[in-house]
Structures are given as structure tokens and as C-alpha cells.
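Chemist: File follows, my_file_7.cif with mmCIF, C-alpha atoms:
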```cif
data_final
loop_
_atom_site.group_PDB
_atom_site.id
_atom_site.type_symbol
_atom_site.label_atom_id
_atom_site.label_comp_id
_atom_site.auth_asym_id
_atom_site.auth_seq_id
_atom_site.Cartn_x
_atom_site.Cartn_y
_atom_site.Cartn_z
ATOM 1 C CA MET A 1 13.753 28.649 18.703
ATOM 2 C CA LYS A 2 12.619 25.122 19.488
ATOM 3 C CA ILE A 3 8.919 24.496 18.764
ATOM 4 C CA ASN A 4 7.185 21.590 20.501
ATOM 5 C CA ARG A 5 4.159 19.657 19.264
ATOM 6 C CA ARG A 6 1.662 21.883 21.080
ATOM 7 C CA GLN A 7 3.089 25.010 19.459
ATOM 8 C CA LEU A 8 2.985 23.825 15.856
ATOM 9 C CA PRO A 9 1.294 26.528 13.710
ATOM 10 C CA LEU A 10 -0.821 24.084 11.711
ATOM 11 C CA ASN A 11 -2.940 26.697 9.933
ATOM 12 C CA ALA A 12 0.131 28.651 8.901
ATOM 13 C CA LEU A 13 1.795 25.485 7.626
ATOM 14 C CA ARG A 14 -1.263 24.653 5.504
ATOM 15 C CA VAL A 15 -1.156 28.181 4.069
ATOM 16 C CA PHE A 16 2.578 27.808 3.401
ATOM 17 C CA ASP A 17 1.969 24.514 1.571
ATOM 18 C CA ALA A 18 -0.798 26.010 -0.587
ATOM 19 C CA MET A 19 1.272 29.100 -1.380
ATOM 20 C CA VAL A 20 4.241 27.023 -2.538
ATOM 21 C CA ARG A 21 2.125 24.708 -4.686
ATOM 22 C CA HIS A 22 0.174 27.460 -6.424
ATOM 23 C CA LYS A 23 2.929 30.097 -6.488
ATOM 24 C CA ASN A 24 0.031 32.549 -6.385
ATOM 25 C CA ILE A 25 -1.672 34.240 -3.428
ATOM 26 C CA LYS A 26 -5.088 34.361 -5.128
ATOM 27 C CA GLN A 27 -5.145 30.650 -5.980
ATOM 28 C CA ALA A 28 -3.903 29.686 -2.498
ATOM 29 C CA ALA A 29 -6.604 31.882 -0.942
ATOM 30 C CA ASP A 30 -9.292 30.331 -3.146
ATOM 31 C CA GLU A 31 -8.237 26.784 -2.200
ATOM 32 C CA LEU A 32 -8.332 27.534 1.531
ATOM 33 C CA GLY A 33 -11.385 29.786 1.424
ATOM 34 C CA VAL A 34 -9.656 32.803 2.982
ATOM 35 C CA THR A 35 -8.773 36.328 1.878
ATOM 36 C CA HIS A 36 -5.548 37.401 0.169
ATOM 37 C CA SER A 37 -4.544 39.385 3.261
ATOM 38 C CA ALA A 38 -5.039 36.298 5.470
ATOM 39 C CA ILE A 39 -2.544 34.393 3.314
ATOM 40 C CA SER A 40 0.043 37.163 3.620
ATOM 41 C CA LEU A 41 -0.520 37.455 7.373
ATOM 42 C CA GLN A 42 -0.106 33.710 7.973
ATOM 43 C CA ILE A 43 3.143 33.620 5.988
ATOM 44 C CA SER A 44 4.496 36.628 7.882
ATOM 45 C CA ASN A 45 3.505 35.090 11.227
ATOM 46 C CA LEU A 46 5.177 31.782 10.301
ATOM 47 C CA GLU A 47 8.436 33.508 9.384
ATOM 48 C CA ARG A 48 8.300 35.553 12.595
ATOM 49 C CA LEU A 49 7.752 32.410 14.675
ATOM 50 C CA LEU A 50 10.603 30.548 12.983
ATOM 51 C CA GLU A 51 12.817 33.641 13.001
ATOM 52 C CA VAL A 52 13.832 32.990 9.377
ATOM 53 C CA GLU A 53 12.658 34.111 5.952
ATOM 54 C CA LEU A 54 11.239 31.311 3.795
ATOM 55 C CA PHE A 55 10.928 33.122 0.459
ATOM 56 C CA ASP A 56 13.251 35.081 -1.780
ATOM 57 C CA ARG A 57 11.131 38.165 -2.412
ATOM 58 C CA SER A 58 13.451 39.588 -5.067
ATOM 59 C CA PHE A 59 11.675 37.329 -7.573
ATOM 60 C CA LYS A 60 8.166 37.763 -8.976
ATOM 61 C CA PRO A 61 6.427 35.554 -8.133
ATOM 62 C CA MET A 62 8.263 34.828 -4.887
ATOM 63 C CA ARG A 63 10.249 31.616 -4.770
ATOM 64 C CA LEU A 64 11.486 29.529 -1.869
ATOM 65 C CA ASN A 65 14.930 30.108 -0.459
ATOM 66 C CA SER A 66 17.052 27.229 0.900
ATOM 67 C CA LYS A 67 15.367 27.287 4.344
ATOM 68 C CA GLY A 68 11.934 27.351 2.748
ATOM 69 C CA GLU A 69 12.774 24.339 0.561
ATOM 70 C CA ILE A 70 13.813 22.327 3.621
ATOM 71 C CA LEU A 71 10.609 23.193 5.450
ATOM 72 C CA TYR A 72 8.375 22.566 2.449
ATOM 73 C CA GLY A 73 9.706 19.041 1.923
ATOM 74 C CA SER A 74 8.706 18.023 5.443
ATOM 75 C CA VAL A 75 5.415 19.941 5.483
ATOM 76 C CA SER A 76 4.257 18.502 2.158
ATOM 77 C CA HIS A 77 5.135 14.937 3.198
ATOM 78 C CA SER A 78 3.408 15.291 6.577
ATOM 79 C CA LEU A 79 0.232 16.738 5.077
ATOM 80 C CA ASP A 80 0.131 13.884 2.559
ATOM 81 C CA ILE A 81 0.307 11.349 5.406
ATOM 82 C CA LEU A 82 -2.425 13.120 7.378
ATOM 83 C CA SER A 83 -4.623 13.344 4.296
ATOM 84 C CA LYS A 84 -4.201 9.637 3.516
ATOM 85 C CA ALA A 85 -4.969 8.567 7.090
ATOM 86 C CA THR A 86 -8.006 10.864 7.292
ATOM 87 C CA ASN A 87 -9.417 9.556 4.019
ATOM 88 C CA GLU A 88 -8.959 5.938 5.094
ATOM 89 C CA VAL A 89 -10.698 6.480 8.420
ATOM 90 C CA SER A 90 -13.467 8.473 6.756
ATOM 91 C CA ALA A 91 -13.994 5.704 4.216
ATOM 92 C CA GLY A 92 -14.236 3.136 7.006
ATOM 93 C CA GLU A 93 -11.273 1.093 5.837
ATOM 94 C CA ILE A 94 -7.570 0.904 6.525
ATOM 95 C CA THR A 95 -5.109 -0.264 3.900
ATOM 96 C CA GLY A 96 -1.416 -1.017 3.835
ATOM 97 C CA ASP A 97 1.211 -3.727 4.163
ATOM 98 C CA LEU A 98 2.635 -4.681 7.545
ATOM 99 C CA THR A 99 5.879 -6.448 8.408
ATOM 100 C CA VAL A 100 5.382 -8.156 11.770
ATOM 101 C CA SER A 101 7.911 -9.986 13.927
ATOM 102 C CA CYS A 102 7.167 -12.179 16.942
ATOM 103 C CA VAL A 103 9.026 -14.456 19.332
ATOM 104 C CA PRO A 104 8.683 -18.040 17.981
ATOM 105 C CA GLY A 105 6.538 -19.710 20.662
ATOM 106 C CA LEU A 106 3.863 -17.024 20.744
ATOM 107 C CA GLY A 107 4.082 -16.494 16.998
ATOM 108 C CA ALA A 108 3.631 -20.127 15.969
ATOM 109 C CA ASN A 109 1.139 -21.177 18.634
ATOM 110 C CA TRP A 110 -1.032 -18.073 19.030
ATOM 111 C CA LEU A 111 -0.491 -15.310 16.489
ATOM 112 C CA THR A 112 -0.663 -17.495 13.382
ATOM 113 C CA HIS A 113 -3.941 -19.009 14.617
ATOM 114 C CA ILE A 114 -5.718 -15.712 15.193
ATOM 115 C CA LEU A 115 -4.233 -13.470 12.509
ATOM 116 C CA GLY A 116 -6.863 -14.574 10.010
ATOM 117 C CA GLU A 117 -9.585 -13.016 12.160
ATOM 118 C CA PHE A 118 -7.827 -9.661 12.003
ATOM 119 C CA LEU A 119 -7.460 -9.878 8.228
ATOM 120 C CA GLU A 120 -11.155 -10.686 7.833
ATOM 121 C CA THR A 121 -11.957 -7.387 9.540
ATOM 122 C CA TYR A 122 -9.238 -5.441 7.709
ATOM 123 C CA ASP A 123 -9.249 -7.201 4.361
ATOM 124 C CA LYS A 124 -7.172 -4.489 2.645
ATOM 125 C CA ILE A 125 -4.157 -5.066 4.880
ATOM 126 C CA GLY A 126 -1.361 -7.449 3.886
ATOM 127 C CA VAL A 127 0.953 -9.001 6.492
ATOM 128 C CA LYS A 128 4.450 -10.448 6.283
ATOM 129 C CA LEU A 129 5.175 -12.406 9.475
ATOM 130 C CA PHE A 130 8.468 -13.801 10.725
ATOM 131 C CA THR A 131 9.974 -14.758 14.078
ATOM 132 C CA HIS A 132 13.004 -13.561 15.997
ATOM 133 C CA ASN A 133 14.946 -14.808 19.006
ATOM 134 C CA TRP A 134 13.816 -12.853 22.066
ATOM 135 C CA LYS A 135 17.409 -11.847 22.848
ATOM 136 C CA ASP A 136 17.980 -10.400 19.357
ATOM 137 C CA LYS A 137 17.029 -6.699 19.248
ATOM 138 C CA VAL A 138 18.586 -5.998 15.844
ATOM 139 C CA VAL A 139 16.013 -7.868 13.763
ATOM 140 C CA ILE A 140 13.093 -5.733 14.943
ATOM 141 C CA LYS A 141 14.728 -2.524 13.703
ATOM 142 C CA ASP A 142 12.884 -2.290 10.388
ATOM 143 C CA VAL A 143 9.567 -3.996 11.187
ATOM 144 C CA ASP A 144 6.215 -2.232 11.570
ATOM 145 C CA LEU A 145 5.249 -4.136 14.710
ATOM 146 C CA ALA A 146 7.183 -6.585 16.873
ATOM 147 C CA ILE A 147 5.960 -8.734 19.750
ATOM 148 C CA THR A 148 8.978 -9.094 22.014
ATOM 149 C CA TYR A 149 9.808 -10.838 25.268
ATOM 150 C CA GLY A 150 12.236 -9.376 27.762
ATOM 151 C CA SER A 151 13.375 -5.781 27.970
ATOM 152 C CA ALA A 152 11.084 -2.792 27.441
ATOM 153 C CA THR A 153 14.028 -0.711 26.246
ATOM 154 C CA HIS A 154 14.018 -0.163 22.478
ATOM 155 C CA ALA A 155 15.578 3.166 21.560
ATOM 156 C CA GLY A 156 13.521 5.291 19.181
ATOM 157 C CA LYS A 157 10.495 2.977 19.390
ATOM 158 C CA VAL A 158 7.093 3.066 21.050
ATOM 159 C CA VAL A 159 6.790 0.214 23.574
ATOM 160 C CA ASN A 160 3.501 -0.963 25.096
ATOM 161 C CA LEU A 161 2.923 -3.872 27.476
ATOM 162 C CA LEU A 162 1.083 -6.765 25.816
ATOM 163 C CA GLY A 163 0.844 -8.961 28.899
ATOM 164 C CA HIS A 164 2.686 -11.000 31.494
ATOM 165 C CA ALA A 165 2.310 -14.736 30.935
ATOM 166 C CA GLU A 166 2.003 -17.372 33.643
ATOM 167 C CA PHE A 167 3.405 -20.850 33.043
ATOM 168 C CA PHE A 168 1.972 -24.229 34.002
ATOM 169 C CA PRO A 169 2.738 -27.864 33.025
ATOM 170 C CA VAL A 170 1.046 -29.531 30.051
ATOM 171 C CA CYS A 171 1.390 -32.878 28.330
ATOM 172 C CA SER A 172 -0.250 -35.144 25.793
ATOM 173 C CA PRO A 173 -3.235 -37.166 27.089
ATOM 174 C CA LYS A 174 -1.385 -40.314 26.081
ATOM 175 C CA LEU A 175 1.045 -39.791 28.992
ATOM 176 C CA LEU A 176 -1.803 -40.052 31.498
ATOM 177 C CA THR A 177 -3.810 -43.120 32.375
ATOM 178 C CA ASN A 178 -6.721 -40.768 33.084
ATOM 179 C CA THR A 179 -6.954 -37.398 31.331
ATOM 180 C CA SER A 180 -8.585 -35.838 34.408
ATOM 181 C CA LEU A 181 -5.705 -36.953 36.639
ATOM 182 C CA LYS A 182 -3.775 -34.177 38.379
ATOM 183 C CA PRO A 183 -0.415 -35.712 39.275
ATOM 184 C CA THR A 184 1.498 -34.529 42.327
ATOM 185 C CA PRO A 185 4.686 -32.489 41.836
ATOM 186 C CA ASN A 186 6.790 -35.557 42.654
ATOM 187 C CA GLU A 187 4.861 -37.618 40.104
ATOM 188 C CA ILE A 188 5.496 -34.894 37.507
ATOM 189 C CA LEU A 189 9.176 -34.909 38.435
ATOM 190 C CA SER A 190 9.335 -38.633 37.681
ATOM 191 C CA GLN A 191 8.398 -37.947 34.056
ATOM 192 C CA ARG A 192 10.624 -36.601 31.285
ATOM 193 C CA LEU A 193 10.573 -32.788 31.485
ATOM 194 C CA LEU A 194 10.871 -30.573 28.415
ATOM 195 C CA HIS A 195 12.715 -27.264 28.652
ATOM 196 C CA ASP A 196 12.894 -24.287 26.327
ATOM 197 C CA SER A 197 16.338 -22.619 26.482
ATOM 198 C CA SER A 198 17.036 -23.598 30.115
ATOM 199 C CA GLU A 199 15.748 -25.495 33.154
ATOM 200 C CA GLU A 200 14.985 -22.222 34.993
ATOM 201 C CA THR A 201 11.191 -22.266 34.556
ATOM 202 C CA TRP A 202 10.827 -25.807 35.858
ATOM 203 C CA VAL A 203 13.130 -25.076 38.808
ATOM 204 C CA ARG A 204 10.964 -22.102 39.812
ATOM 205 C CA TRP A 205 7.756 -24.101 39.360
ATOM 206 C CA PHE A 206 8.977 -26.946 41.579
ATOM 207 C CA ALA A 207 10.162 -24.429 44.214
ATOM 208 C CA ASN A 208 6.650 -22.962 44.313
ATOM 209 C CA ALA A 209 5.281 -26.508 44.561
ATOM 210 C CA GLY A 210 7.481 -27.182 47.609
ATOM 211 C CA VAL A 211 10.070 -29.348 45.815
ATOM 212 C CA ASN A 212 13.552 -27.888 46.262
ATOM 213 C CA ASN A 213 16.637 -28.899 44.297
ATOM 214 C CA PRO A 214 14.752 -31.247 41.943
ATOM 215 C CA TYR A 215 16.791 -33.630 39.804
ATOM 216 C CA LEU A 216 16.094 -32.688 36.184
ATOM 217 C CA GLY A 217 18.654 -34.923 34.511
ATOM 218 C CA ARG A 218 16.082 -36.883 32.459
ATOM 219 C CA GLY A 219 14.877 -33.777 30.652
ATOM 220 C CA ILE A 220 15.387 -32.470 27.128
ATOM 221 C CA THR A 221 16.382 -28.860 26.471
ATOM 222 C CA PHE A 222 15.279 -27.189 23.227
ATOM 223 C CA ASP A 223 16.149 -23.782 21.825
ATOM 224 C CA SER A 224 12.570 -22.518 21.744
ATOM 225 C CA ALA A 225 9.139 -22.977 23.288
ATOM 226 C CA GLN A 226 7.829 -23.981 19.881
ATOM 227 C CA MET A 227 10.022 -27.100 19.900
ATOM 228 C CA SER A 228 9.320 -28.045 23.511
ATOM 229 C CA LEU A 229 5.557 -27.792 22.902
ATOM 230 C CA GLN A 230 5.806 -29.857 19.748
ATOM 231 C CA ALA A 231 7.646 -32.544 21.729
ATOM 232 C CA ALA A 232 4.868 -32.429 24.353
ATOM 233 C CA ARG A 233 2.217 -32.919 21.659
ATOM 234 C CA ALA A 234 4.148 -35.962 20.467
ATOM 235 C CA GLY A 235 3.960 -37.469 23.968
ATOM 236 C CA ILE A 236 7.691 -37.230 24.645
ATOM 237 C CA GLY A 237 7.342 -35.469 27.993
ATOM 238 C CA ILE A 238 5.844 -32.598 29.986
ATOM 239 C CA ALA A 239 6.395 -28.989 28.940
ATOM 240 C CA MET A 240 5.759 -25.561 30.420
ATOM 241 C CA ALA A 241 3.172 -23.428 28.618
ATOM 242 C CA ASP A 242 0.960 -20.382 29.042
ATOM 243 C CA ASN A 243 -2.683 -19.882 28.116
ATOM 244 C CA ALA A 244 -2.045 -18.030 24.884
ATOM 245 C CA THR A 245 0.417 -20.528 23.409
ATOM 246 C CA VAL A 246 -1.650 -23.621 24.190
ATOM 247 C CA GLN A 247 -5.183 -22.253 23.867
ATOM 248 C CA PHE A 248 -6.002 -24.287 20.782
ATOM 249 C CA ASP A 249 -4.139 -27.387 21.997
ATOM 250 C CA LEU A 250 -6.231 -27.446 25.175
ATOM 251 C CA GLN A 251 -9.479 -26.809 23.305
ATOM 252 C CA GLU A 252 -8.815 -29.548 20.760
ATOM 253 C CA GLY A 253 -7.391 -32.103 23.213
ATOM 254 C CA ARG A 254 -3.820 -32.318 21.944
ATOM 255 C CA LEU A 255 -2.556 -31.215 25.353
ATOM 256 C CA VAL A 256 -3.974 -31.203 28.876
ATOM 257 C CA ARG A 257 -3.101 -28.972 31.806
ATOM 258 C CA ILE A 258 -2.004 -31.201 34.670
ATOM 259 C CA SER A 259 -1.688 -28.706 37.538
ATOM 260 C CA SER A 260 -3.487 -25.577 38.691
ATOM 261 C CA LEU A 261 -0.187 -24.161 39.983
ATOM 262 C CA ALA A 262 1.231 -21.451 37.703
ATOM 263 C CA ILE A 263 4.259 -19.180 37.996
ATOM 264 C CA PRO A 264 4.812 -15.805 36.302
ATOM 265 C CA ALA A 265 7.200 -15.560 33.385
ATOM 266 C CA VAL A 266 10.467 -13.799 34.156
ATOM 267 C CA HIS A 267 9.690 -11.104 31.572
ATOM 268 C CA PRO A 268 6.515 -9.661 30.021
ATOM 269 C CA TYR A 269 5.583 -9.562 26.347
ATOM 270 C CA PHE A 270 5.758 -6.116 24.725
ATOM 271 C CA ILE A 271 4.475 -4.619 21.480
ATOM 272 C CA VAL A 272 7.164 -2.495 19.823
ATOM 273 C CA THR A 273 6.273 -0.087 17.002
ATOM 274 C CA PRO A 274 7.915 2.849 15.216
ATOM 275 C CA ALA A 275 7.641 6.397 16.531
ATOM 276 C CA ILE A 276 4.155 7.876 16.191
ATOM 277 C CA THR A 277 4.970 10.397 13.453
ATOM 278 C CA GLY A 278 4.262 9.061 9.987
ATOM 279 C CA ARG A 279 3.146 5.602 11.076
ATOM 280 C CA ASN A 280 1.233 3.323 8.748
ATOM 281 C CA PRO A 281 -2.427 3.566 9.945
ATOM 282 C CA ALA A 282 -2.620 -0.245 9.859
ATOM 283 C CA ILE A 283 -0.151 -0.412 12.769
ATOM 284 C CA PRO A 284 -2.402 0.997 15.527
ATOM 285 C CA ALA A 285 -5.295 -1.102 14.200
ATOM 286 C CA LEU A 286 -3.286 -4.321 14.616
ATOM 287 C CA GLU A 287 -1.844 -3.203 17.955
ATOM 288 C CA ALA A 288 -5.275 -2.475 19.458
ATOM 289 C CA TRP A 289 -6.593 -5.820 18.212
ATOM 290 C CA LEU A 290 -3.646 -7.757 19.683
ATOM 291 C CA LEU A 291 -4.050 -6.040 23.061
ATOM 292 C CA GLN A 292 -7.719 -7.004 23.128
ATOM 293 C CA ARG A 293 -7.127 -10.610 22.137
ATOM 294 C CA TYR A 294 -4.264 -11.170 24.564
ATOM 295 C CA SER A 295 -6.272 -9.716 27.459
ATOM 296 C CA GLU A 296 -8.578 -12.716 27.102
ATOM 297 C CA PHE A 297 -5.843 -14.941 28.566
ATOM 298 C CA THR A 298 -5.417 -13.188 31.920
ATOM 299 C CA LEU A 299 -5.428 -15.907 34.538
#
```
Please go through the file and, once you have read it, give me the structure as C-alpha cells.
Modeler:
Amino acid sequence: MKINRRQLPLNALRVFDAMVRHKNIKQAADELGVTHSAISLQISNLERLLEVELFDRSFKPMRLNSKGEILYGSVSHSLDILSKATNEVSAGEITGDLTVSCVPGLGANWLTHILGEFLETYDKIGVKLFTHNWKDKVVIKDVDLAITYGSATHAGKVVNLLGHAEFFPVCSPKLLTNTSLKPTPNEILSQRLLHDSSEETWVRWFANAGVNNPYLGRGITFDSAQMSLQAARAGIGIAMADNATVQFDLQEGRLVRISSLAIPAVHPYFIVTPAITGRNPAIPALEAWLLQRYSEFTL
């Protein structure tokens, strides 16, 4: 018989756990605050539901048989996890270590800047952060939380939408004679353009600006948005960026936005986490915080 989540006999499983630990009906009943007959009834009902016997009753006291040992291992572990999470929430604090992975541009230019705020709120959480290429799905296999770009398909994982970025051109103020100047698309095209991975984003931006088949031969192509933005900060050319990745650059004057025209990214950002069962309680805390912070950059 297959039992789904809604059918789980939680009370009977708690009784089963207490019975195995104490090896005594009286002590199990005392711990749970029920009668001896209630313990016996719950065990009988559990075995009837599972359609298997869990104890070898030829021994006194009863001992687990092979099926009972399998079930007890999982029940005991699950109750420990629930107890730990309940105690942490009740105490008003969440603890644990998190391994977090993020695509490089968003990780270096946004996540590293704001992560300190999260750790001030949850000061008992430790974080190990590294980056991964957005096309590489293998590296996120063993992390607690990954911020990915591209596909929403990650087998065996929980995937939630973080947001869909919109790109616009930015450059160092030193490239402009007047920092408030908004150059025309053709004037932008006359400058050195900076690309991350390919020229595709610039081609789409110029198409939306009414410039078809632009000549992009003077540009530089990098392997990541982190490098193209760093080149823009150095005054080498004009790069594509989104609000999250250049928030602090715009606030502090290292970069300026030179056009109100923006185009959507080809793919969204997603948050990828392990399956719900047995998750570190620090994971949903970080996920909820990231969703809130990223929502601030909706254009």
C-alpha cells in the first residue's frame, strides 16, 4: 500500500518511536501522556495500515523485526529533524551552515554586497559562497541553495522564480562629456561595446532601438558579466547591465545608465534548493530574504 503525505499516521509513528526507545509500554505511555491500551492500539493500527508486522512478539520484551528496523531508522531521523527545527523557531533563532552557489555576475555584483545584511539578522548561520557557470548544472548538485540562470528544470530539486532581469547600457562617467547626457543609439554604437559570452544582448537592444544589423566589430567579448562590468568601470567601453548587478555602481557613481530603453533577459533567474524533506531550516530563511531583496529591482 502506498501512503501519501496526507495519510501519514503521525501519532502512531510517535508512539512507535517511543515504544522502540523505551522497550516498555508503561514508559512509552508515561512519556506521551496516554494509557497503556492507547499505546497497544496505535501500534496495532500502524501495522494494519502498513500491512506488515513491525515487532517479533516471540521475545519478551518485544523486539523489532527487519521491517521494523527499517521503519524506525527513518522515523527516528525524521522526528529528530522536526524537533530541531521546532526548537530553533521557538527560540527565535535559526542556526546552520549553508553552501550557496550563484552565477558570477549576480554573485559578485549583488549577492556579495547584501549577504552581510542577512547574516546580521541570522547571526548563527554560516555561509560558504562560490560561483558556477550558468550552463553547468552539475556543480549545483550538492549545494544548499543555488541562484541559477536559464532552465527551470533541475531533477529532484525545488525550483522557484527569483526574477526576470531587464538589461540596459551603462558606462563609466569618464566616457561622457556630460554625465547627464543620454546618447542616441547610433552614438552608443560608435563606442566600444562590451559583451558577456556573446553579442546577442546588444543585437537585441539595438533592434529594439530601431538599429538593425549593427556593426559590432569594435567590441570586446568576455566570458562573464563580471568581467564586462569591470571593464566598463575602468572606462574601456559600454556594457549591458541590470538593476541588481549595478545597483551599487549607480548609487556610488562608478557607472551611469545612458538609456531608458531596456530589454528582457533571455532567461530568468531561479532559486534551486533540495527537496523539502529534511531541509536545513536556514535554507527557507535565506530563500525568502533573497526573494524580498530581488523584488526591489523590478523595473
Chemist: Report, in Å with one decimal, the straight-line distance from CA of Leu175 in chain A to CA of Ile236 in chain A.
Modeler: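 Interatomic distance here is 8.3 Å.
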Chemist: Using all atoms listed in the file, find the one residue out of A:Asp17, A:Asp142, A:Glu51, A:Asp97 that sits nearest to His77 in chain A.
Modeler: A:Asp17
Chemist: Run the PyMOL selection byres ((chain A and resi 199) around 12) against the file shown and list the residues it catches, as a compact mmCIF listing (two decimals) with C-alpha atoms, keeping the file's coordinate frame.
Modeler:
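Wrote selection_11.txt, looks like this:
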```
# COMPACT_ATOMS: atom_id res chain seq x y z
CA LEU A 193 10.57 -32.79 31.48
CA LEU A 194 10.87 -30.57 28.42
CA HIS A 195 12.72 -27.26 28.65
CA ASP A 196 12.89 -24.29 26.33
CA SER A 197 16.34 -22.62 26.48
CA SER A 198 17.04 -23.60 30.12
CA GLU A 200 14.98 -22.22 34.99
CA THR A 201 11.19 -22.27 34.56
CA TRP A 202 10.83 -25.81 35.86
CA VAL A 203 13.13 -25.08 38.81
CA ARG A 204 10.96 -22.10 39.81
CA TRP A 205 7.76 -24.10 39.36
CA PHE A 206 8.98 -26.95 41.58
CA ASN A 213 16.64 -28.90 44.30
CA PRO A 214 14.75 -31.25 41.94
CA TYR A 215 16.79 -33.63 39.80
CA LEU A 216 16.09 -32.69 36.18
CA GLY A 217 18.65 -34.92 34.51
CA ARG A 218 16.08 -36.88 32.46
CA GLY A 219 14.88 -33.78 30.65
CA ILE A 220 15.39 -32.47 27.13
CA THR A 221 16.38 -28.86 26.47
CA PHE A 222 15.28 -27.19 23.23
CA ASP A 223 16.15 -23.78 21.82
CA SER A 228 9.32 -28.04 23.51
CA ALA A 239 6.40 -28.99 28.94
CA MET A 240 5.76 -25.56 30.42
```
Chemist: Could you tell me how far CA of Trp289 in chain A lies from CA of Glu120 in chain A, in Å and to one decimal?
Modeler: 12.3 Å
Chemist: List the spatial neighbours of Gly68 in chain A as an MDAnalysis selection string - criterion: any atom at most 8 Å away, all atoms listed in the file, same-chain residues fewer than 6 positions off excluded.
Modeler: chainID A and resid 53:55
Chemist: When the PyMOL selection byres ((chain A and resi 246-261) around 7) is applied to the structure above, which residues does it catch, written out as a count of residues only?
Modeler: 17
Chemist: Mind giving me the straight-line distance from CA of Ser224 in chain A to CA of Leu290 in chain A in Å, one decimal?
Modeler: 22.0 Å
Chemist: For the file shown, report as a VMD selection string the outcome of the PyMOL selection byres ((chain A and resi 20) around 10) at residue level.
Modeler: chain A and resid 15 to 19 21 to 25 28 55 62 to 64 68 to 69 72 76
Chemist: Need the axis-aligned box for range 202-209 of chain A with 6 Å each side, so what are the centre and edges in Å to one decimal, as lines of an AutoDock Vina configuration file?
Modeler:
```
center_x = 9.2
center_y = -24.5
center_z = 40.2
size_x = 19.8
size_y = 16.8
size_z = 20.7
```
Chemist: Between A:Thr131, A:Thr148, A:Gln27, A:Thr95, which residue has the minimum interatomic distance to Thr112 in chain A, considering all atoms listed in the file?
Modeler: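 Looking only at the distances to Thr112 in chain A, the closest residue turns out to be A:Thr131.
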Chemist: Using all atoms listed in the file, determine which residues lie at most 10 Å from Pro9 in chain A, disregarding the query and same-chain residues fewer than 3 positions distant; provide the list as a list in words.
Modeler: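 My list of contacting residues is Ile3, Arg5, Arg6, Ala12, Leu13, Arg14, Gln42, Asn45, Leu46 and Leu49 of chain A.
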Chemist: From the list A:Phe118, A:Phe130, A:Tyr149, A:Trp110, which residue is nearest Glu287 in chain A when using all atoms listed in the file?
Modeler: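 Of all the options, A:Phe118 lies closest to Glu287 in chain A.
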Chemist: Identify which of the residues A:Ala288, A:Thr184, A:Glu296, A:Thr273 lies closest to Gly156 in chain A, counting all atoms listed in the file when measuring atom-to-atom distances.
Modeler: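 For Gly156 in chain A, the nearest of the given residues is A:Thr273.
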Chemist: Choose the residue, out of A:Ala225, A:Ala29, A:Ala165, A:Val52, that has the smallest atom-to-atom separation from Gly107 in chain A; count only C-alpha atoms.
Modeler: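 Looking only at the distances to Gly107 in chain A, the closest residue turns out to be A:Ala225.
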Chemist: Kindly indicate which residue among A:Met227, A:Ala155, A:Ile94, A:Ala207 lies nearest to Pro185 in chain A, using all atoms listed in the file for the distances.
Modeler: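 Of A:Met227, A:Ala155, A:Ile94, A:Ala207, the one nearest Pro185 in chain A is A:Ala207, counting all atoms listed in the file.
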Chemist: At a cut-off of 8 Å from (-2.6, -0.7, 6.3) in the coordinates of the file, what residues are picked up using only C-alpha atoms, written as an mmCIF file with C-alpha atoms, keeping the file's coordinate frame?
Modeler:
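Contents of out28.cif, as written:
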```
data_model
loop_
_atom_site.group_PDB
_atom_site.id
_atom_site.type_symbol
_atom_site.label_atom_id
_atom_site.label_comp_id
_atom_site.auth_asym_id
_atom_site.auth_seq_id
_atom_site.Cartn_x
_atom_site.Cartn_y
_atom_site.Cartn_z
ATOM 1 C CA ILE A 94 -7.570 0.904 6.525
ATOM 2 C CA THR A 95 -5.109 -0.264 3.900
ATOM 3 C CA GLY A 96 -1.416 -1.017 3.835
ATOM 4 C CA ASP A 97 1.211 -3.727 4.163
ATOM 5 C CA LEU A 98 2.635 -4.681 7.545
ATOM 6 C CA LYS A 124 -7.172 -4.489 2.645
ATOM 7 C CA ILE A 125 -4.157 -5.066 4.880
ATOM 8 C CA GLY A 126 -1.361 -7.449 3.886
ATOM 9 C CA ASN A 280 1.233 3.323 8.748
ATOM 10 C CA PRO A 281 -2.427 3.566 9.945
ATOM 11 C CA ALA A 282 -2.620 -0.245 9.859
ATOM 12 C CA ILE A 283 -0.151 -0.412 12.769
#
```
Chemist: Output requested as an mmCIF file, keeping the file's coordinate frame - range 59-67 of chain A, filled out with N, CA, C and O atoms.
Modeler:
```cif
data_model
loop_
_atom_site.group_PDB
_atom_site.id
_atom_site.type_symbol
_atom_site.label_atom_id
_atom_site.label_comp_id
_atom_site.auth_asym_id
_atom_site.auth_seq_id
_atom_site.Cartn_x
_atom_site.Cartn_y
_atom_site.Cartn_z
ATOM 1 N N PHE A 59 12.256 37.902 -6.355
ATOM 2 C CA PHE A 59 11.675 37.329 -7.573
ATOM 3 C C PHE A 59 10.173 37.569 -7.587
ATOM 4 O O PHE A 59 9.528 37.676 -6.555
ATOM 5 N N LYS A 60 9.613 37.655 -8.782
ATOM 6 C CA LYS A 60 8.166 37.763 -8.976
ATOM 7 C C LYS A 60 7.737 36.649 -9.940
ATOM 8 O O LYS A 60 8.156 36.654 -11.108
ATOM 9 N N PRO A 61 6.904 35.684 -9.519
ATOM 10 C CA PRO A 61 6.427 35.554 -8.133
ATOM 11 C C PRO A 61 7.534 35.107 -7.190
ATOM 12 O O PRO A 61 8.594 34.654 -7.634
ATOM 13 N N MET A 62 7.272 35.221 -5.878
ATOM 14 C CA MET A 62 8.263 34.828 -4.887
ATOM 15 C C MET A 62 8.617 33.348 -5.054
ATOM 16 O O MET A 62 7.784 32.543 -5.465
ATOM 17 N N ARG A 63 9.845 33.027 -4.745
ATOM 18 C CA ARG A 63 10.249 31.616 -4.770
ATOM 19 C C ARG A 63 10.906 31.262 -3.434
ATOM 20 O O ARG A 63 11.403 32.144 -2.726
ATOM 21 N N LEU A 64 10.904 29.986 -3.130
ATOM 22 C CA LEU A 64 11.486 29.529 -1.869
ATOM 23 C C LEU A 64 12.985 29.751 -1.837
ATOM 24 O O LEU A 64 13.686 29.563 -2.845
ATOM 25 N N ASN A 65 13.495 30.139 -0.665
ATOM 26 C CA ASN A 65 14.930 30.108 -0.459
ATOM 27 C C ASN A 65 15.330 28.738 0.099
ATOM 28 O O ASN A 65 14.479 27.832 0.205
ATOM 29 N N SER A 66 16.577 28.556 0.459
ATOM 30 C CA SER A 66 17.052 27.229 0.900
ATOM 31 C C SER A 66 16.333 26.761 2.161
ATOM 32 O O SER A 66 15.981 25.586 2.295
ATOM 33 N N LYS A 67 16.067 27.676 3.114
ATOM 34 C CA LYS A 67 15.367 27.287 4.344
ATOM 35 C C LYS A 67 13.927 26.905 4.036
ATOM 36 O O LYS A 67 13.381 25.958 4.601
#
```
